[in-house]
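Listing of model.cif; format and content: mmCIF, C-alpha atoms.
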data_model
loop_
_atom_site.label_atom_id
_atom_site.label_comp_id
_atom_site.auth_asym_id
_atom_site.auth_seq_id
_atom_site.Cartn_x
_atom_site.Cartn_y
_atom_site.Cartn_z
CA MET P 799 19.06 23.86 22.25
CA LEU P 800 18.17 20.37 21.08
CA PHE P 801 15.40 18.75 19.12
CA ARG P 802 12.43 17.68 21.14
CA SER P 803 12.93 14.46 19.20
CA PRO P 804 14.38 13.64 15.74
CA LEU P 805 11.72 12.36 13.37
CA ALA P 806 13.68 11.30 10.28
CA LEU P 807 17.11 11.38 8.69
CA THR P 808 18.54 11.09 5.19
CA PHE P 809 22.10 10.61 3.93
CA VAL P 810 23.53 10.94 0.42
CA SER P 811 26.80 9.29 1.47
CA ALA P 812 28.25 7.60 4.52
CA THR P 813 28.99 11.01 6.06
CA ASP P 814 26.75 13.66 4.44
CA GLY P 815 23.24 13.78 5.89
CA TRP P 816 20.35 15.75 7.38
CA VAL P 817 18.04 15.23 10.36
CA ILE P 818 14.58 16.76 10.81
CA GLY P 819 12.51 17.25 13.94
CA PRO P 820 10.43 19.70 15.97
CA GLY P 821 12.55 22.49 17.38
CA ALA P 822 12.61 24.11 20.79
CA CYS P 823 10.04 26.78 20.04
CA ALA P 824 6.53 27.63 21.16
CA MET P 825 4.89 25.57 18.43
CA SER P 826 6.14 22.40 16.69
CA CYS P 827 8.31 24.34 14.26
CA VAL P 828 10.69 22.52 11.94
CA TRP P 829 14.41 22.31 12.65
CA ILE P 830 16.88 20.63 10.29
CA TYR P 831 20.52 19.85 11.05
CA HIS P 832 23.18 19.02 8.45
CA THR P 833 26.35 16.98 9.00
CA THR P 834 29.17 16.34 6.55
CA ASP P 835 31.27 14.14 8.83
CA GLY P 836 28.90 11.39 9.92
CA GLY P 837 27.48 13.29 12.86
CA ALA P 838 30.74 14.34 14.52
CA THR P 839 29.69 17.96 13.98
CA LYS P 840 26.28 19.35 13.06
CA ALA P 841 24.96 22.72 12.04
CA ARG P 842 21.40 23.99 11.69
CA SER P 843 20.41 24.61 8.10
CA GLY P 844 17.36 26.39 6.80
CA ALA P 845 13.99 24.71 7.24
CA PRO P 846 10.46 24.89 5.82
CA ALA P 847 8.12 27.39 7.47
CA ALA P 848 5.87 24.63 8.75
CA ASP P 849 5.02 22.55 11.81
CA ALA P 850 6.66 19.21 12.61
CA PRO P 851 4.42 17.52 15.19
CA SER P 852 5.81 14.28 16.59
CA ASP P 853 2.40 12.58 16.32
CA GLY P 854 2.05 13.12 12.56
CA CYS P 855 0.54 15.50 10.01
CA TYR P 856 -3.20 15.23 10.60
CA ASP P 857 -4.28 18.89 10.68
CA VAL P 858 -5.05 19.64 7.03
CA THR P 859 -5.32 23.36 7.78
CA ALA P 860 -1.67 23.72 8.89
CA LEU P 861 1.51 23.42 6.83
CA CYS P 862 3.24 20.29 8.10
CA VAL P 863 6.33 18.16 7.36
CA ASN P 864 7.78 15.24 9.33
CA THR P 865 10.29 13.49 7.07
CA LEU P 866 12.84 14.28 4.38
CA HIS P 867 14.75 12.65 1.51
CA PHE P 868 17.74 13.98 -0.43
CA ALA P 869 18.55 12.76 -3.93
CA THR P 870 21.85 14.64 -4.23
CA GLN P 871 23.95 16.88 -2.00
CA GLU P 872 21.95 19.85 -3.25
CA ARG P 873 18.40 18.64 -3.93
CA GLY P 874 16.10 17.30 -1.27
CA PHE P 875 12.46 17.17 -0.23
CA ALA P 876 10.84 17.66 3.16
CA PHE P 877 7.27 16.42 3.35
CA GLY P 878 4.52 15.35 5.71
CA VAL P 879 3.44 11.75 5.34
CA ASN P 880 -0.31 11.43 4.68
CA TRP P 881 -1.94 14.87 5.09
CA GLY P 882 1.24 16.95 5.02
CA ASP P 883 2.90 19.28 2.54
CA VAL P 884 5.99 19.10 0.32
CA TYR P 885 8.96 21.47 0.22
CA VAL P 886 12.05 21.32 -2.02
CA THR P 887 15.58 22.65 -1.63
CA ASP P 888 18.24 23.06 -4.32
CA ASP P 889 20.98 24.43 -2.08
CA ALA P 890 21.58 21.62 0.45
CA GLY P 891 18.85 22.85 2.78
CA THR P 892 19.71 26.53 3.02
CA THR P 893 16.37 27.59 1.51
CA TRP P 894 13.12 25.68 0.99
CA HIS P 895 10.18 26.29 -1.36
CA LEU P 896 6.62 25.00 -0.98
CA LEU P 897 5.40 22.82 -3.87
CA PRO P 898 1.78 22.40 -5.03
CA VAL P 899 1.85 18.75 -3.91
CA THR P 900 -0.06 17.24 -0.97
CA ASP P 901 -1.17 13.89 0.44
CA VAL P 902 2.15 12.08 -0.04
CA SER P 903 2.37 8.64 1.57
CA ALA P 904 5.89 7.73 0.42
CA MET P 905 8.68 9.10 -1.74
CA ALA P 906 11.84 7.61 -3.28
CA LEU P 907 14.66 9.47 -5.05
CA THR P 908 17.80 8.76 -7.01
CA GLY P 909 19.52 11.30 -9.24
CA ASN P 910 16.91 13.03 -11.41
CA TYR P 911 14.36 10.26 -10.95
CA ALA P 912 11.69 10.40 -8.25
CA LEU P 913 8.62 8.37 -7.31
CA ARG P 914 5.87 9.26 -4.88
CA LEU P 915 2.68 7.60 -3.73
CA GLN P 916 -0.20 10.05 -3.53
CA ALA P 917 -3.61 9.37 -2.04
CA PRO P 918 -6.65 11.62 -2.49
CA ASP P 919 -7.41 11.48 1.23
CA GLY P 920 -3.99 10.95 2.79
CA GLY P 921 -2.20 7.79 3.87
CA CYS P 922 -3.78 5.40 1.35
CA ASN P 923 -6.82 5.31 3.66
CA SER P 924 -9.20 6.04 0.81
CA GLY P 925 -8.47 2.62 -0.67
CA GLU P 926 -6.18 3.72 -3.46
CA CYS P 927 -2.70 5.21 -3.80
CA GLN P 928 -1.59 6.53 -7.18
CA LEU P 929 2.10 6.43 -8.08
CA GLU P 930 3.50 9.62 -9.65
CA ARG P 931 6.86 9.76 -11.44
CA SER P 932 9.34 12.56 -12.12
CA THR P 933 12.34 12.54 -14.46
CA ASP P 934 13.52 16.07 -13.67
CA GLY P 935 14.31 15.78 -9.98
CA GLY P 936 10.76 16.33 -8.78
CA VAL P 937 10.02 19.57 -10.63
CA THR P 938 7.18 17.98 -12.63
CA TRP P 939 5.22 14.78 -11.98
CA SER P 940 3.02 12.45 -14.01
CA GLY P 941 0.85 9.44 -13.24
CA THR P 942 0.83 8.27 -16.86
CA ALA P 943 1.63 4.53 -17.10
CA GLN P 944 2.12 4.42 -13.32
CA PRO P 945 0.32 1.84 -11.15
CA ALA P 946 -2.18 2.43 -8.38
CA VAL P 947 -2.26 0.18 -5.33
CA THR P 948 -5.16 -0.49 -2.97
CA PRO P 949 -3.57 -1.65 0.29
CA GLU P 950 -5.88 -3.49 2.65
CA GLY P 951 -3.46 -2.61 5.43
CA SER P 952 -3.88 1.13 4.75
CA ALA P 953 -0.19 1.50 3.96
CA GLY P 954 1.92 1.61 0.82
CA ASP P 955 5.55 2.28 0.00
CA THR P 956 7.87 2.85 -2.94
CA PHE P 957 11.58 2.23 -3.47
CA LEU P 958 14.00 3.37 -6.17
CA GLN P 959 17.54 2.07 -6.66
CA SER P 960 20.40 3.75 -8.46
CA ASP P 961 20.61 0.92 -11.01
CA GLY P 962 17.03 1.55 -12.18
CA HIS P 963 15.18 -1.09 -10.18
CA ALA P 964 12.03 0.24 -8.51
CA TYR P 965 9.24 -1.23 -6.41
CA VAL P 966 5.77 -0.23 -5.26
CA VAL P 967 3.94 -2.16 -2.56
CA GLY P 968 0.44 -1.98 -1.15
CA TYR P 969 0.49 -4.03 2.03
CA GLY P 970 -2.22 -6.52 2.93
CA ASN P 971 -4.12 -6.68 6.19
CA PRO P 972 -1.98 -8.58 8.73
CA ALA P 973 -4.94 -8.85 11.11
CA GLY P 974 -7.15 -10.58 8.57
CA GLY P 975 -10.64 -9.44 7.69
CA GLY P 976 -9.57 -8.42 4.20
CA SER P 977 -7.09 -9.30 1.51
CA GLU P 978 -3.90 -10.36 3.27
CA THR P 979 -1.49 -10.71 0.36
CA ALA P 980 0.38 -7.63 -0.77
CA GLU P 981 0.27 -5.96 -4.19
CA ILE P 982 3.81 -5.54 -5.49
CA TYR P 983 4.87 -3.86 -8.72
CA ARG P 984 8.41 -4.12 -10.05
CA SER P 985 10.34 -2.03 -12.60
CA ASN P 986 13.87 -2.20 -14.00
CA ASN P 987 13.87 1.16 -15.84
CA TYR P 988 13.40 3.77 -13.10
CA GLY P 989 9.64 3.31 -13.14
CA ALA P 990 9.00 3.90 -16.86
CA THR P 991 7.16 0.56 -17.04
CA TRP P 992 5.93 -1.85 -14.36
CA THR P 993 5.08 -5.52 -13.86
CA LEU P 994 2.59 -6.71 -11.23
CA GLU P 995 4.07 -9.57 -9.21
CA ASN P 996 2.65 -12.10 -6.77
CA ASP P 997 3.32 -11.55 -3.10
CA PRO P 998 6.75 -13.22 -2.85
CA CYS P 999 6.04 -14.47 0.68
CA ALA P 1000 2.84 -16.26 -0.38
CA ASN P 1001 4.35 -17.58 -3.63
CA GLY P 1002 1.10 -16.99 -5.47
CA SER P 1003 -1.26 -18.38 -2.84
CA PRO P 1004 -3.92 -16.24 -1.10
CA GLY P 1005 -3.70 -15.71 2.64
CA ARG P 1006 -0.67 -16.35 4.83
CA PRO P 1007 2.26 -15.94 4.67
CA ILE P 1008 2.26 -12.31 3.61
CA THR P 1009 4.70 -9.48 2.97
CA VAL P 1010 4.84 -7.02 5.90
CA GLY P 1011 8.08 -5.23 5.04
CA ILE P 1012 10.30 -4.49 2.04
CA ALA P 1013 13.84 -3.09 1.97
CA ALA P 1014 15.97 -2.29 -1.07
CA SER P 1015 19.70 -1.69 -1.22
CA ALA P 1016 22.37 -1.32 -3.88
CA ALA P 1017 23.20 -3.91 -6.55
CA SER P 1018 19.57 -4.93 -7.24
CA VAL P 1019 19.04 -6.34 -3.74
CA LEU P 1020 15.43 -6.65 -2.56
CA ALA P 1021 14.77 -8.07 0.90
CA VAL P 1022 11.28 -9.03 2.07
CA ASP P 1023 10.03 -9.51 5.62
CA CYS P 1024 7.27 -12.13 5.76
CA LEU P 1025 4.63 -12.95 8.35
CA ALA P 1026 3.18 -16.44 8.72
CA ASP P 1027 0.65 -18.06 11.00
CA GLU P 1028 1.46 -21.59 12.04
CA GLY P 1029 -0.63 -23.25 14.71
CA GLY P 1030 -1.99 -19.89 15.83
CA ALA P 1031 1.43 -18.43 16.66
CA GLN P 1032 2.95 -15.67 14.54
CA ARG P 1033 6.25 -16.57 12.94
CA GLY P 1034 8.38 -14.37 10.73
CA PHE P 1035 10.90 -15.13 8.01
CA VAL P 1036 12.90 -13.23 5.40
CA ILE P 1037 13.72 -13.85 1.75
CA VAL P 1038 16.28 -12.01 -0.37
CA SER P 1039 16.58 -11.36 -4.11
CA THR P 1040 19.78 -10.24 -5.84
CA ASP P 1041 18.20 -9.65 -9.28
CA GLY P 1042 15.66 -6.95 -8.53
CA GLY P 1043 12.94 -9.27 -7.28
CA ALA P 1044 12.86 -11.64 -10.24
CA HIS P 1045 13.96 -14.57 -8.08
CA PHE P 1046 14.35 -15.13 -4.35
CA GLY P 1047 16.62 -17.31 -2.29
CA PRO P 1048 15.56 -19.64 0.53
CA SER P 1049 13.56 -18.38 3.50
CA HIS P 1050 15.16 -17.93 6.92
CA SER P 1051 13.40 -17.41 10.23
CA ALA P 1052 13.58 -13.87 11.62
CA PRO P 1053 12.64 -12.13 14.86
CA PRO P 1054 9.10 -10.71 14.92
CA SER P 1055 9.22 -7.35 13.19
CA PHE P 1056 8.14 -4.13 14.91
CA ASP P 1057 7.21 -2.38 11.65
CA VAL P 1058 10.84 -1.47 10.82
CA PHE P 1059 12.87 -3.58 8.37
CA ALA P 1060 16.06 -2.56 6.53
CA ALA P 1061 18.78 -4.00 4.32
CA GLY P 1062 22.35 -2.88 3.73
CA SER P 1063 23.16 -5.66 1.28
CA ALA P 1064 22.04 -9.18 0.39
CA THR P 1065 23.63 -10.42 3.60
CA VAL P 1066 23.25 -7.49 6.04
CA LEU P 1067 19.68 -7.21 7.31
CA ALA P 1068 18.06 -5.56 10.33
CA VAL P 1069 14.66 -5.78 12.02
CA ALA P 1070 13.36 -3.67 14.87
CA THR P 1071 11.56 -5.72 17.50
CA ALA P 1072 9.77 -4.79 20.71
CA ALA P 1073 13.07 -5.45 22.52
CA GLY P 1074 15.35 -3.49 20.19
CA LEU P 1075 17.29 -4.14 16.99
CA SER P 1076 18.35 -7.53 15.66
CA VAL P 1077 20.91 -7.83 12.85
CA SER P 1078 21.93 -10.62 10.50
CA HIS P 1079 25.18 -10.69 8.53
CA ASN P 1080 24.42 -13.88 6.62
CA GLY P 1081 21.16 -13.08 4.85
CA GLY P 1082 18.92 -14.05 7.75
CA VAL P 1083 20.42 -17.45 8.60
CA THR P 1084 21.29 -16.24 12.12
CA TRP P 1085 20.40 -13.09 14.05
CA SER P 1086 21.97 -11.13 16.92
CA ALA P 1087 20.36 -8.54 19.19
CA THR P 1088 22.74 -5.57 18.91
CA TYR P 1089 20.88 -2.48 20.15
CA SER P 1090 18.33 -1.75 22.86
CA CYS P 1091 16.82 1.69 23.30
CA PRO P 1092 17.95 3.38 26.52
CA ALA P 1093 14.96 3.78 28.84
CA VAL P 1094 15.35 7.56 28.80
CA ASN P 1095 15.02 7.59 24.99
CA LYS P 1096 12.66 4.75 24.26
CA GLY P 1097 9.30 6.52 24.48
CA ASP P 1098 6.27 4.68 23.19
CA ASN P 1099 7.55 3.62 19.79
CA GLY P 1100 10.98 2.12 20.40
CA ILE P 1101 13.12 2.18 17.26
CA GLN P 1102 11.35 4.32 14.67
CA VAL P 1103 13.87 4.49 11.79
CA VAL P 1104 16.71 2.26 10.53
CA SER P 1105 18.65 3.60 7.54
CA PHE P 1106 21.60 1.93 5.80
CA GLU P 1107 23.84 4.39 3.99
CA THR P 1108 26.20 1.57 2.94
CA ALA P 1109 26.43 -2.07 3.96
CA SER P 1110 28.59 -0.90 6.87
CA VAL P 1111 27.23 2.52 7.86
CA VAL P 1112 23.74 2.54 9.36
CA HIS P 1113 21.76 4.95 11.53
CA LEU P 1114 18.70 4.49 13.71
CA ILE P 1115 16.37 6.77 15.63
CA CYS P 1116 15.02 5.83 19.04
CA GLY P 1117 13.07 8.48 20.91
CA ASN P 1118 15.24 11.58 21.24
CA ALA P 1119 18.47 9.79 20.32
CA ILE P 1120 20.26 8.83 17.12
CA ALA P 1121 22.68 5.91 16.97
CA ARG P 1122 25.33 5.25 14.33
CA SER P 1123 27.15 2.05 13.43
CA THR P 1124 30.09 1.61 11.07
CA ASP P 1125 30.20 -2.20 11.13
CA GLY P 1126 26.80 -3.06 9.71
CA GLY P 1127 24.84 -2.64 12.92
CA LEU P 1128 26.89 -4.77 15.30
CA LYS P 1129 28.23 -1.96 17.51
CA TRP P 1130 26.56 1.40 18.06
CA ALA P 1131 27.39 4.88 19.30
CA THR P 1132 24.35 6.75 20.63
CA TYR P 1133 24.16 10.53 20.82
CA THR P 1134 21.56 13.22 21.09
CA PHE P 1135 21.29 15.44 18.05
CA PRO P 1136 22.86 17.95 17.71
CA GLY P 1137 24.68 17.40 21.00
#
Translate this structure into structure tokens?
Amino acid sequence: MLFRSPLALTFVSATDGWVIGPGACAMSCVWIYHTTDGGATKARSGAPAADAPSDGCYDVTALCVNTLHFATQERGFAFGVNWGDVYVTDDAGTTWHLLPVTDVSAMALTGNYALRLQAPDGGCNSGECQLERSTDGGVTWSGTAQPAVTPEGSAGDTFLQSDGHAYVVGYGNPAGGGSETAEIYRSNNYGATWTLENDPCANGSPGRPITVGIAASAASVLAVDCLADEGGAQRGFVIVSTDGGAHFGPSHSAPPSFDVFAAGSATVLAVATAAGLSVSHNGGVTWSATYSCPAVNKGDNGIQVVSFETASVVHLICGNAIARSTDGGLKWATYTFPG
């Protein structure tokens, strides 16, 4: 029996990872598969006693999860973005325990440090997302000295790197009608203290261009996907920092993003477009279309997830298929999971 469709995946190395999705059961029950060899073999692990609807966690009366993140080979979290619930495992997914935490919009983990954006009404739609921080692997959380963002675009995100750099973003409204520039906070000590920065795409000016996507990778790399409006036509470009967002290099034109942007290094970048995935291996100077969703898998959303485990190993989810690349996204092997 296979997933109806994989919803999210997380890897703690190039080969050790987990995939979550709704299982083949009467309701949208949660199934999780674990691989230790990069997907060559997979085995079902334990899973939270919750639903995993493919259209999101919107029923506040039902326990719900639709994504997961692991910090180590043993400790991981499964949670429902926006109105969902949060479960934790300390045995690589064999058993899961419900935590008294709800309304999580985003979560980032590394070692014993964890960050999560929490909104009082789910999904940052109430106008404010509060960042919470943990220093004991997510056992306890505190909002003390942590920023709150008020995204006009009703979306926020947080990132945490193993070298201590961390970022929180509240996206602006790309359609106009409100504040367009993004709120971005930056830390270099695992989120202990924060500095509010200007939207790096706008370079301190209000309005366009604006940040519409952020991706962080190892070695203090922060990549930003920007959206501009020149002569009425939308045009995208990317900028990359190698010092944790303190400074950025020159801008380079990029394919129009389809809400998915990822970075494997300062030079290896990927954007999902309406046509498929485009990859750059020179920091955005040039781009190549390397993956198109098979019609049988594409569904309504095209590529939903792009995740770099290293600068070379990257996974994506498209419909009911997962694809894996070992050369930085140039060539792909597509397979159903766990088939």
Residues near segment 957-971 of chain P, cut-off 8 Å, all atoms listed in the file, skip fewer than 4 positions along chain, as an NGL selection string: :P and (905-909 or 912-913 or 947-953 or 975-989 or 1008-1010 or 1013-1018 or 1042)
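Here the question is which of P:Ala1052, P:Ile1037, P:Ala1061, P:Ile1120 gets nearest to Trp816 of chain P using all atoms listed in the file, and that residue is P:Ile1120.
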Nearest to Ala943 of chain P, chosen from P:Thr900, P:Ala990, P:Ala917, P:Leu1067, with only C-alpha atoms counted in the distances: P:Ala990
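Residue neighbourhood of Thr1040 of chain P, excluding near-sequence residues (fewer than 2 positions): Ala1017, Ser1018, Val1019, Leu1020, Ala1021, Val1038, Gly1042, Gly1043, Ala1044, His1045, Phe1046, Gly1047 and Ala1064 of chain P, at 9 Å, using only C-alpha atoms.
Between atom CA of Val1077 of chain P and atom CA of His1113 of chain P the interatomic distance comes to 12.9 Å.
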Find the residue from P:Leu896, P:Ala946, P:Ala860, P:Ala850 that sits nearest to Arg914 of chain P; use all atoms listed in the file when measuring. P:Ala946
Residues selected by the PyMOL selection byres ((chain P and resi 1075) around 7), written as a list of chain:residue names: P:Ala1068, P:Val1069, P:Ala1070, P:Thr1071, P:Gly1074, P:Ser1076, P:Val1077, P:Ala1087, P:Thr1088, P:Tyr1089, P:Ser1090
At a cut-off of 9 Å, using all atoms listed in the file, what residues contact Gln1102 of chain P? Leave out same-chain residues fewer than 6 positions from it and give the result as a ChimeraX atom specification. /P:805-806,1057-1058,1070,1114-1117
Atoms kept (C-alpha atoms) for selection, written as an mmCIF file, in the coordinates of the input:
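Output file out-v7.cif follows:
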data_model
loop_
_atom_site.group_PDB
_atom_site.id
_atom_site.type_symbol
_atom_site.label_atom_id
_atom_site.label_comp_id
_atom_site.auth_asym_id
_atom_site.auth_seq_id
_atom_site.Cartn_x
_atom_site.Cartn_y
_atom_site.Cartn_z
ATOM 1 C CA LEU P 805 11.720 12.360 13.370
ATOM 2 C CA ALA P 806 13.680 11.300 10.280
ATOM 3 C CA ASP P 1057 7.210 -2.380 11.650
ATOM 4 C CA VAL P 1058 10.840 -1.470 10.820
ATOM 5 C CA ALA P 1070 13.360 -3.670 14.870
ATOM 6 C CA LEU P 1114 18.700 4.490 13.710
ATOM 7 C CA ILE P 1115 16.370 6.770 15.630
ATOM 8 C CA CYS P 1116 15.020 5.830 19.040
ATOM 9 C CA GLY P 1117 13.070 8.480 20.910
#
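Residue nearest His867 of chain P within the list P:Leu929, P:Ala1026, P:Val817, P:Ala847: P:Val817 [criterion: smallest interatomic distance, only C-alpha atoms].
Around the coordinate (30.7, 5.9, 5.8), residues that reach within 12 Å when counting all atoms listed in the file are P:Phe809, P:Val810, P:Ser811, P:Ala812, P:Thr813, P:Asp814, P:Gly815, P:Thr834, P:Asp835, P:Gly836, P:Gly837, P:Phe1106, P:Glu1107, P:Thr1108, P:Ala1109, P:Ser1110, P:Val1111, P:Val1112, P:His1113, P:Arg1122, P:Ser1123, P:Thr1124, P:Asp1125, P:Gly1126.
Here atom CA of Lys840 of chain P and atom CA of Trp894 of chain P stand 18.9 Å from one another.
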Tell me, as a ChimeraX atom specification, which residues lie within 8 Å of Leu897 of chain P, counting only C-alpha atoms; anything in the same chain fewer than 2 positions away does not count. /P:883-886,895,899
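Here atom CA of Ala845 of chain P and atom CA of Thr892 of chain P stand 7.3 Å from one another.
Nearest-residue note for Pro898 of chain P: choosing from P:Thr938, P:Ser1003, P:Ser843, P:Ser1086, the minimum distance belongs to P:Thr938, counting all atoms listed in the file.
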Decode the PyMOL selection byres ((chain P and resi 879) around 12) for the given file into explicit residues and return them as number ranges by chain. P: 805-806, 850-858, 861-867, 875-878, 880-884, 899-905, 914-917, 919-922, 953-955
Rank P:Thr991, P:Pro1053, P:Glu930, P:Ala1060 by their smallest atom-to-atom distance to Ile1012 of chain P, using only C-alpha atoms, and report the top residue only. P:Ala1060
Please list as JSON, numbers by chain every residue within 8 Å of Tyr911 of chain P, counting all atoms listed in the file and excluding residues in the same chain fewer than 4 positions away. {"P": [907, 931, 932, 933, 934, 935, 936, 988]}
